[in-house]
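Okay, structure first, notes after.
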Amino acid sequence: MKRKEAIIQDSFMNILLHKKFKDVEIYEIIKKTKIKSKEFNIFYQNKEQIVISFFTRIDLMMEKKIKKLSLGKNIKDNLFEVCMTRFEILDQYKASINNIYSSLKTQPNLAINLYESFFKTMKLILNLSLINTKPIKGHIKLIIFSLVYLSILNEWFKDFSFNNEKTMAILDTRLSLIESFIIKAN
């Protein structure tokens, strides 16, 4: 089952290399996957569900990789490691993900459909970085980090340097800006 879901997700990401998110029809994804329509509908009813499932899969991959590492007590270093691990996993899908994020400008309902999944990912990144996300301070950290993450994501879309060197430099600088707040609030 997970294999077929991954095939659907990857096929959709492949289509997004050539078409805008809003222009992709479900039947195109079904055709590309060569999965029967009835079977496809067991997994997904719309494109947003595919995107959410895709990012959930990425989250699981990231979590698996991070748990193999032994992160230290330095919160900034941990955040840096987790974020860069995520960007490395996402790298092969960069153009497709950029397509999705660009669609948010013209399709505000897409943001409404994806926001819960986005904040779940942001909380996971903080938790994997050994940052306390319990209310109320945890919610504030989540919002602040989410804004920083979105700014870094925007830079990552424009980064075609070897090993995302520009993204690493920007990430380090921006994490330094929020480091004192996150450490004090931890």
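Naming scheme: A, B, ... for chains in displayed order of the structure tokens; residues 1 onward per chain; ligands 1 onward as shown.
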
Test item: residues at most 12 Å from segment 34-38 of chain A, only C-alpha atoms, excluding those fewer than 3 positions along its chain, as a PDB file with all heavy atoms, in the first residue's frame:
ATOM      1  N   MET A   1       0.814  -1.189   0.000  1.00  0.00           N
ATOM      2  CA  MET A   1       0.000   0.000   0.000  1.00  0.00           C
ATOM      3  C   MET A   1       0.867   1.267   0.000  1.00  0.00           C
ATOM      4  O   MET A   1       0.640   2.165  -0.785  1.00  0.00           O
ATOM      5  CB  MET A   1      -0.917  -0.031   1.215  1.00  0.00           C
ATOM      6  CG  MET A   1      -2.252   0.600   0.994  1.00  0.00           C
ATOM      7  SD  MET A   1      -3.285   0.403   2.462  1.00  0.00           S
ATOM      8  CE  MET A   1      -4.851   0.254   1.686  1.00  0.00           C
ATOM      9  N   ARG A   3       3.847   1.572  -0.955  1.00  0.00           N
ATOM     10  CA  ARG A   3       4.576   1.639  -2.220  1.00  0.00           C
ATOM     11  C   ARG A   3       3.729   2.327  -3.287  1.00  0.00           C
ATOM     12  O   ARG A   3       4.216   3.186  -4.029  1.00  0.00           O
ATOM     13  CB  ARG A   3       4.982   0.232  -2.660  1.00  0.00           C
ATOM     14  CG  ARG A   3       5.946   0.214  -3.828  1.00  0.00           C
ATOM     15  CD  ARG A   3       6.399  -1.194  -4.174  1.00  0.00           C
ATOM     16  NE  ARG A   3       5.441  -1.959  -4.924  1.00  0.00           N
ATOM     17  CZ  ARG A   3       5.138  -1.767  -6.210  1.00  0.00           C
ATOM     18  NH1 ARG A   3       5.726  -0.801  -6.882  1.00  0.00           N
ATOM     19  NH2 ARG A   3       4.260  -2.519  -6.825  1.00  0.00           N
ATOM     20  N   LYS A   4       2.451   1.978  -3.360  1.00  0.00           N
ATOM     21  CA  LYS A   4       1.568   2.594  -4.355  1.00  0.00           C
ATOM     22  C   LYS A   4       1.344   4.072  -4.053  1.00  0.00           C
ATOM     23  O   LYS A   4       1.302   4.891  -4.967  1.00  0.00           O
ATOM     24  CB  LYS A   4       0.245   1.842  -4.439  1.00  0.00           C
ATOM     25  CG  LYS A   4       0.394   0.514  -5.150  1.00  0.00           C
ATOM     26  CD  LYS A   4      -0.922  -0.120  -5.451  1.00  0.00           C
ATOM     27  CE  LYS A   4      -0.664  -1.442  -6.169  1.00  0.00           C
ATOM     28  NZ  LYS A   4      -1.890  -2.119  -6.529  1.00  0.00           N
ATOM     29  N   GLU A   5       1.231   4.389  -2.778  1.00  0.00           N
ATOM     30  CA  GLU A   5       1.086   5.799  -2.408  1.00  0.00           C
ATOM     31  C   GLU A   5       2.324   6.585  -2.838  1.00  0.00           C
ATOM     32  O   GLU A   5       2.201   7.698  -3.363  1.00  0.00           O
ATOM     33  CB  GLU A   5       0.871   5.945  -0.905  1.00  0.00           C
ATOM     34  CG  GLU A   5      -0.501   5.490  -0.442  1.00  0.00           C
ATOM     35  CD  GLU A   5      -0.678   5.634   1.053  1.00  0.00           C
ATOM     36  OE1 GLU A   5      -0.798   6.783   1.523  1.00  0.00           O
ATOM     37  OE2 GLU A   5      -0.692   4.595   1.737  1.00  0.00           O
ATOM     38  N   ILE A   7       4.319   5.853  -5.270  1.00  0.00           N
ATOM     39  CA  ILE A   7       4.287   5.940  -6.740  1.00  0.00           C
ATOM     40  C   ILE A   7       3.378   7.096  -7.165  1.00  0.00           C
ATOM     41  O   ILE A   7       3.737   7.885  -8.049  1.00  0.00           O
ATOM     42  CB  ILE A   7       3.812   4.598  -7.363  1.00  0.00           C
ATOM     43  CG1 ILE A   7       4.886   3.532  -7.185  1.00  0.00           C
ATOM     44  CG2 ILE A   7       3.437   4.770  -8.832  1.00  0.00           C
ATOM     45  CD1 ILE A   7       4.437   2.116  -7.525  1.00  0.00           C
ATOM     46  N   ILE A   8       2.232   7.202  -6.525  1.00  0.00           N
ATOM     47  CA  ILE A   8       1.296   8.283  -6.846  1.00  0.00           C
ATOM     48  C   ILE A   8       1.930   9.637  -6.526  1.00  0.00           C
ATOM     49  O   ILE A   8       1.905  10.566  -7.340  1.00  0.00           O
ATOM     50  CB  ILE A   8      -0.035   8.102  -6.088  1.00  0.00           C
ATOM     51  CG1 ILE A   8      -0.777   6.859  -6.601  1.00  0.00           C
ATOM     52  CG2 ILE A   8      -0.915   9.353  -6.219  1.00  0.00           C
ATOM     53  CD1 ILE A   8      -1.949   6.411  -5.726  1.00  0.00           C
ATOM     54  N   SER A  11       4.763  10.424  -8.941  1.00  0.00           N
ATOM     55  CA  SER A  11       4.216  10.728 -10.270  1.00  0.00           C
ATOM     56  C   SER A  11       3.656  12.144 -10.302  1.00  0.00           C
ATOM     57  O   SER A  11       3.870  12.887 -11.262  1.00  0.00           O
ATOM     58  CB  SER A  11       3.117   9.725 -10.644  1.00  0.00           C
ATOM     59  OG  SER A  11       3.654   8.439 -10.773  1.00  0.00           O
ATOM     60  N   ILE A  26      -6.671  15.200 -11.774  1.00  0.00           N
ATOM     61  CA  ILE A  26      -6.490  13.885 -11.144  1.00  0.00           C
ATOM     62  C   ILE A  26      -6.315  12.786 -12.188  1.00  0.00           C
ATOM     63  O   ILE A  26      -5.469  11.903 -12.023  1.00  0.00           O
ATOM     64  CB  ILE A  26      -7.680  13.560 -10.199  1.00  0.00           C
ATOM     65  CG1 ILE A  26      -7.657  14.466  -8.966  1.00  0.00           C
ATOM     66  CG2 ILE A  26      -7.691  12.100  -9.790  1.00  0.00           C
ATOM     67  CD1 ILE A  26      -6.528  14.196  -7.993  1.00  0.00           C
ATOM     68  N   TYR A  27      -7.075  12.858 -13.277  1.00  0.00           N
ATOM     69  CA  TYR A  27      -6.967  11.808 -14.299  1.00  0.00           C
ATOM     70  C   TYR A  27      -5.558  11.724 -14.883  1.00  0.00           C
ATOM     71  O   TYR A  27      -5.092  10.645 -15.264  1.00  0.00           O
ATOM     72  CB  TYR A  27      -8.022  11.984 -15.403  1.00  0.00           C
ATOM     73  CG  TYR A  27      -7.714  13.061 -16.412  1.00  0.00           C
ATOM     74  CD1 TYR A  27      -6.919  12.792 -17.529  1.00  0.00           C
ATOM     75  CD2 TYR A  27      -8.226  14.345 -16.268  1.00  0.00           C
ATOM     76  CE1 TYR A  27      -6.622  13.776 -18.460  1.00  0.00           C
ATOM     77  CE2 TYR A  27      -7.942  15.336 -17.190  1.00  0.00           C
ATOM     78  CZ  TYR A  27      -7.135  15.045 -18.282  1.00  0.00           C
ATOM     79  OH  TYR A  27      -6.842  16.028 -19.200  1.00  0.00           O
ATOM     80  N   GLU A  28      -4.833  12.853 -14.920  1.00  0.00           N
ATOM     81  CA  GLU A  28      -3.448  12.841 -15.414  1.00  0.00           C
ATOM     82  C   GLU A  28      -2.536  12.064 -14.480  1.00  0.00           C
ATOM     83  O   GLU A  28      -1.630  11.353 -14.923  1.00  0.00           O
ATOM     84  CB  GLU A  28      -2.914  14.274 -15.549  1.00  0.00           C
ATOM     85  CG  GLU A  28      -3.617  15.104 -16.601  1.00  0.00           C
ATOM     86  CD  GLU A  28      -3.136  16.538 -16.542  1.00  0.00           C
ATOM     87  OE1 GLU A  28      -2.095  16.830 -17.186  1.00  0.00           O
ATOM     88  OE2 GLU A  28      -3.790  17.356 -15.858  1.00  0.00           O
ATOM     89  N   ILE A  29      -2.769  12.242 -13.193  1.00  0.00           N
ATOM     90  CA  ILE A  29      -1.968  11.520 -12.201  1.00  0.00           C
ATOM     91  C   ILE A  29      -2.266  10.028 -12.295  1.00  0.00           C
ATOM     92  O   ILE A  29      -1.346   9.203 -12.285  1.00  0.00           O
ATOM     93  CB  ILE A  29      -2.246  12.054 -10.779  1.00  0.00           C
ATOM     94  CG1 ILE A  29      -1.993  13.565 -10.720  1.00  0.00           C
ATOM     95  CG2 ILE A  29      -1.385  11.320  -9.757  1.00  0.00           C
ATOM     96  CD1 ILE A  29      -2.536  14.244  -9.470  1.00  0.00           C
ATOM     97  N   ILE A  30      -3.543   9.703 -12.432  1.00  0.00           N
ATOM     98  CA  ILE A  30      -3.943   8.293 -12.559  1.00  0.00           C
ATOM     99  C   ILE A  30      -3.298   7.677 -13.796  1.00  0.00           C
ATOM    100  O   ILE A  30      -2.740   6.575 -13.738  1.00  0.00           O
ATOM    101  CB  ILE A  30      -5.487   8.166 -12.609  1.00  0.00           C
ATOM    102  CG1 ILE A  30      -6.085   8.567 -11.259  1.00  0.00           C
ATOM    103  CG2 ILE A  30      -5.909   6.751 -13.012  1.00  0.00           C
ATOM    104  CD1 ILE A  30      -7.603   8.710 -11.249  1.00  0.00           C
ATOM    105  N   LYS A  31      -3.342   8.404 -14.897  1.00  0.00           N
ATOM    106  CA  LYS A  31      -2.749   7.918 -16.151  1.00  0.00           C
ATOM    107  C   LYS A  31      -1.243   7.688 -15.999  1.00  0.00           C
ATOM    108  O   LYS A  31      -0.709   6.676 -16.428  1.00  0.00           O
ATOM    109  CB  LYS A  31      -3.031   8.918 -17.270  1.00  0.00           C
ATOM    110  CG  LYS A  31      -2.559   8.489 -18.636  1.00  0.00           C
ATOM    111  CD  LYS A  31      -2.923   9.533 -19.680  1.00  0.00           C
ATOM    112  CE  LYS A  31      -2.364   9.153 -21.024  1.00  0.00           C
ATOM    113  NZ  LYS A  31      -2.597  10.196 -22.025  1.00  0.00           N
ATOM    114  N   ASN A  41      -8.557   6.060  -5.949  1.00  0.00           N
ATOM    115  CA  ASN A  41      -9.509   6.745  -5.070  1.00  0.00           C
ATOM    116  C   ASN A  41      -9.539   6.182  -3.654  1.00  0.00           C
ATOM    117  O   ASN A  41     -10.042   6.841  -2.745  1.00  0.00           O
ATOM    118  CB  ASN A  41     -10.910   6.730  -5.686  1.00  0.00           C
ATOM    119  CG  ASN A  41     -10.998   7.641  -6.895  1.00  0.00           C
ATOM    120  OD1 ASN A  41     -10.345   8.674  -6.956  1.00  0.00           O
ATOM    121  ND2 ASN A  41     -11.785   7.241  -7.881  1.00  0.00           N
ATOM    122  N   ILE A  42      -9.012   4.997  -3.460  1.00  0.00           N
ATOM    123  CA  ILE A  42      -8.879   4.447  -2.102  1.00  0.00           C
ATOM    124  C   ILE A  42      -7.870   5.298  -1.323  1.00  0.00           C
ATOM    125  O   ILE A  42      -8.043   5.546  -0.135  1.00  0.00           O
ATOM    126  CB  ILE A  42      -8.421   2.970  -2.145  1.00  0.00           C
ATOM    127  CG1 ILE A  42      -9.541   2.097  -2.714  1.00  0.00           C
ATOM    128  CG2 ILE A  42      -7.985   2.486  -0.766  1.00  0.00           C
ATOM    129  CD1 ILE A  42      -9.122   0.667  -3.008  1.00  0.00           C
ATOM    130  N   PHE A  43      -6.844   5.761  -2.024  1.00  0.00           N
ATOM    131  CA  PHE A  43      -5.779   6.536  -1.393  1.00  0.00           C
ATOM    132  C   PHE A  43      -6.086   8.029  -1.341  1.00  0.00           C
ATOM    133  O   PHE A  43      -5.875   8.675  -0.319  1.00  0.00           O
ATOM    134  CB  PHE A  43      -4.458   6.327  -2.126  1.00  0.00           C
ATOM    135  CG  PHE A  43      -3.991   4.901  -2.167  1.00  0.00           C
ATOM    136  CD1 PHE A  43      -3.972   4.198  -3.358  1.00  0.00           C
ATOM    137  CD2 PHE A  43      -3.577   4.254  -1.014  1.00  0.00           C
ATOM    138  CE1 PHE A  43      -3.530   2.893  -3.409  1.00  0.00           C
ATOM    139  CE2 PHE A  43      -3.147   2.941  -1.049  1.00  0.00           C
ATOM    140  CZ  PHE A  43      -3.117   2.253  -2.250  1.00  0.00           C
ATOM    141  N   TYR A  44      -6.534   8.585  -2.457  1.00  0.00           N
ATOM    142  CA  TYR A  44      -6.673  10.037  -2.573  1.00  0.00           C
ATOM    143  C   TYR A  44      -7.925  10.426  -3.349  1.00  0.00           C
ATOM    144  O   TYR A  44      -8.295   9.765  -4.316  1.00  0.00           O
ATOM    145  CB  TYR A  44      -5.460  10.631  -3.304  1.00  0.00           C
ATOM    146  CG  TYR A  44      -4.141  10.255  -2.687  1.00  0.00           C
ATOM    147  CD1 TYR A  44      -3.280   9.369  -3.327  1.00  0.00           C
ATOM    148  CD2 TYR A  44      -3.754  10.778  -1.461  1.00  0.00           C
ATOM    149  CE1 TYR A  44      -2.061   9.013  -2.765  1.00  0.00           C
ATOM    150  CE2 TYR A  44      -2.539  10.426  -0.889  1.00  0.00           C
ATOM    151  CZ  TYR A  44      -1.709   9.550  -1.538  1.00  0.00           C
ATOM    152  OH  TYR A  44      -0.504   9.199  -0.975  1.00  0.00           O
ATOM    153  N   GLN A  45      -8.516  11.549  -2.910  1.00  0.00           N
ATOM    154  CA  GLN A  45      -9.649  12.126  -3.635  1.00  0.00           C
ATOM    155  C   GLN A  45      -9.278  13.445  -4.311  1.00  0.00           C
ATOM    156  O   GLN A  45      -9.986  13.906  -5.192  1.00  0.00           O
ATOM    157  CB  GLN A  45     -10.841  12.362  -2.690  1.00  0.00           C
ATOM    158  CG  GLN A  45     -11.616  11.095  -2.352  1.00  0.00           C
ATOM    159  CD  GLN A  45     -10.838  10.173  -1.410  1.00  0.00           C
ATOM    160  OE1 GLN A  45     -10.375  10.616  -0.377  1.00  0.00           O
ATOM    161  NE2 GLN A  45     -10.691   8.930  -1.795  1.00  0.00           N
TER     162      GLN A  45
END

- Task: Would you list the contacts of Gln9 of chain A as an NGL selection string, taking every protein, DNA or RNA residue within 12 Å and counting only C-alpha atoms, but skipping same-chain residues closer than 5 positions in sequence?
- Result: :A and (2-4 or 14-16 or 26 or 29-30 or 32-33 or 40 or 43-44 or 46-58 or 93 or 96-97)

Using only C-alpha atoms, find each residue in segment 42-136 of chain A having at least one atom no more than 10 Å away from segment 144-156 of chain A; report its shortest atom-to-atom pair and that distance in Å (one decimal), rows by chain then rising number, as CSV.
residue,atom,partner,partner_atom,distance
A:Leu79,CA,A:Phe145,CA,9.8
A:Cys83,CA,A:Tyr149,CA,8.4
A:Phe87,CA,A:Trp156,CA,8.0
A:Asp91,CA,A:Trp156,CA,9.1
A:Lys94,CA,A:Trp156,CA,8.4
A:Asn98,CA,A:Asn154,CA,8.5
A:Tyr101,CA,A:Asn154,CA,9.2
A:Phe118,CA,A:Ser146,CA,8.7
A:Phe119,CA,A:Ser146,CA,7.5
A:Thr121,CA,A:Ser146,CA,9.4
A:Met122,CA,A:Ser146,CA,6.2
A:Lys123,CA,A:Ser146,CA,8.8
A:Ile125,CA,A:Phe145,CA,9.5
A:Leu126,CA,A:Phe145,CA,8.3

- Task: For atom CA of Lys22 of chain A and atom CA of Ser103 of chain A, determine how far apart the two atoms are, in Å to one decimal place.
- Result: 7.1 Å

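Compared by their closest atoms to Glu88 of chain A, and using only C-alpha atoms, the residues A:Arg174, A:His18, A:Lys65, A:His139 rank with A:Lys65 nearest.
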
- Item | Test item: residues at most 12 Å from segment 71-74 of chain A, only C-alpha atoms, excluding those fewer than 3 positions along its chain, as a PyMOL selection string | chain A and resi 65-68+77-82+127-131+175-176+179-180+182-183+186

Expected file contents, prior selection, N, CA and C atoms, as a PDB file, in the first residue's frame:
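Printed below is out13.pdb as written:
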ATOM      1  N   LYS A  65      16.219   9.481   9.660  1.00  0.00           N
ATOM      2  CA  LYS A  65      17.620   9.902   9.529  1.00  0.00           C
ATOM      3  C   LYS A  65      18.127  10.597  10.792  1.00  0.00           C
ATOM      4  N   ILE A  66      17.311  11.458  11.363  1.00  0.00           N
ATOM      5  CA  ILE A  66      17.733  12.223  12.542  1.00  0.00           C
ATOM      6  C   ILE A  66      17.898  11.305  13.747  1.00  0.00           C
ATOM      7  N   LYS A  67      17.037  10.337  13.887  1.00  0.00           N
ATOM      8  CA  LYS A  67      17.133   9.434  15.036  1.00  0.00           C
ATOM      9  C   LYS A  67      18.390   8.574  14.989  1.00  0.00           C
ATOM     10  N   LYS A  68      18.984   8.422  13.805  1.00  0.00           N
ATOM     11  CA  LYS A  68      20.246   7.686  13.681  1.00  0.00           C
ATOM     12  C   LYS A  68      21.433   8.534  14.132  1.00  0.00           C
ATOM     13  N   ASP A  77      22.557  24.134  16.696  1.00  0.00           N
ATOM     14  CA  ASP A  77      23.181  23.080  15.890  1.00  0.00           C
ATOM     15  C   ASP A  77      22.169  21.990  15.535  1.00  0.00           C
ATOM     16  N   ASN A  78      21.332  21.638  16.493  1.00  0.00           N
ATOM     17  CA  ASN A  78      20.309  20.623  16.241  1.00  0.00           C
ATOM     18  C   ASN A  78      19.326  21.087  15.171  1.00  0.00           C
ATOM     19  N   LEU A  79      18.846  22.318  15.298  1.00  0.00           N
ATOM     20  CA  LEU A  79      17.918  22.868  14.298  1.00  0.00           C
ATOM     21  C   LEU A  79      18.565  22.908  12.923  1.00  0.00           C
ATOM     22  N   PHE A  80      19.816  23.322  12.894  1.00  0.00           N
ATOM     23  CA  PHE A  80      20.553  23.377  11.634  1.00  0.00           C
ATOM     24  C   PHE A  80      20.606  21.980  11.003  1.00  0.00           C
ATOM     25  N   GLU A  81      20.973  20.987  11.784  1.00  0.00           N
ATOM     26  CA  GLU A  81      21.100  19.611  11.287  1.00  0.00           C
ATOM     27  C   GLU A  81      19.772  19.065  10.776  1.00  0.00           C
ATOM     28  N   VAL A  82      18.714  19.298  11.541  1.00  0.00           N
ATOM     29  CA  VAL A  82      17.395  18.785  11.141  1.00  0.00           C
ATOM     30  C   VAL A  82      16.914  19.486   9.871  1.00  0.00           C
ATOM     31  N   ASN A 127      10.753  19.404  17.673  1.00  0.00           N
ATOM     32  CA  ASN A 127      10.869  18.274  18.599  1.00  0.00           C
ATOM     33  C   ASN A 127      12.114  17.434  18.314  1.00  0.00           C
ATOM     34  N   LEU A 128      12.404  17.194  17.052  1.00  0.00           N
ATOM     35  CA  LEU A 128      13.610  16.437  16.700  1.00  0.00           C
ATOM     36  C   LEU A 128      14.876  17.193  17.100  1.00  0.00           C
ATOM     37  N   SER A 129      14.759  18.510  17.169  1.00  0.00           N
ATOM     38  CA  SER A 129      15.880  19.363  17.576  1.00  0.00           C
ATOM     39  C   SER A 129      15.977  19.489  19.094  1.00  0.00           C
ATOM     40  N   LEU A 130      15.142  18.751  19.791  1.00  0.00           N
ATOM     41  CA  LEU A 130      15.100  18.715  21.257  1.00  0.00           C
ATOM     42  C   LEU A 130      14.625  20.034  21.860  1.00  0.00           C
ATOM     43  N   ILE A 131      13.673  20.662  21.162  1.00  0.00           N
ATOM     44  CA  ILE A 131      13.095  21.921  21.613  1.00  0.00           C
ATOM     45  C   ILE A 131      11.701  21.642  22.167  1.00  0.00           C
ATOM     46  N   LEU A 175      19.038  31.326  12.034  1.00  0.00           N
ATOM     47  CA  LEU A 175      18.890  30.616  13.310  1.00  0.00           C
ATOM     48  C   LEU A 175      19.558  31.395  14.435  1.00  0.00           C
ATOM     49  N   SER A 176      20.645  32.086  14.106  1.00  0.00           N
ATOM     50  CA  SER A 176      21.312  32.927  15.109  1.00  0.00           C
ATOM     51  C   SER A 176      20.371  34.033  15.597  1.00  0.00           C
ATOM     52  N   GLU A 179      17.953  32.223  18.017  1.00  0.00           N
ATOM     53  CA  GLU A 179      18.573  31.303  18.971  1.00  0.00           C
ATOM     54  C   GLU A 179      18.339  31.718  20.423  1.00  0.00           C
ATOM     55  N   SER A 180      18.566  32.964  20.728  1.00  0.00           N
ATOM     56  CA  SER A 180      18.445  33.386  22.124  1.00  0.00           C
ATOM     57  C   SER A 180      17.012  33.230  22.622  1.00  0.00           C
ATOM     58  N   ILE A 182      14.737  31.046  21.556  1.00  0.00           N
ATOM     59  CA  ILE A 182      14.405  29.623  21.684  1.00  0.00           C
ATOM     60  C   ILE A 182      15.114  29.003  22.886  1.00  0.00           C
ATOM     61  N   ILE A 183      16.352  29.396  23.133  1.00  0.00           N
ATOM     62  CA  ILE A 183      17.086  28.849  24.275  1.00  0.00           C
ATOM     63  C   ILE A 183      16.466  29.347  25.586  1.00  0.00           C
ATOM     64  N   ASN A 186      13.220  27.659  26.246  1.00  0.00           N
ATOM     65  CA  ASN A 186      13.243  26.183  26.342  1.00  0.00           C
ATOM     66  C   ASN A 186      13.215  25.815  27.771  1.00  0.00           C
TER      67      ASN A 186
END

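Minimum atom-to-atom distances from A:Ala6, A:Ile75, A:Ser70, A:Asn99 to Phe157 of chain A were compared using only C-alpha atoms, and the lowest value belongs to A:Asn99.
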
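Rounded to one decimal, atom CA of Lys137 of chain A and atom CA of Lys120 of chain A lie 16.5 Å from each other.
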
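For the pair atom CA of Pro108 of chain A and atom CA of Leu90 of chain A, the separation is 23.3 Å.
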
- Quick one: pick out all alpha helix (DSSP H) residues within segment 64-179 of chain A from a backbone DSSP run and write them as a VMD selection string. chain A and resid 64 to 68 75 to 90 94 to 106 108 to 128 137 to 158 165 to 179
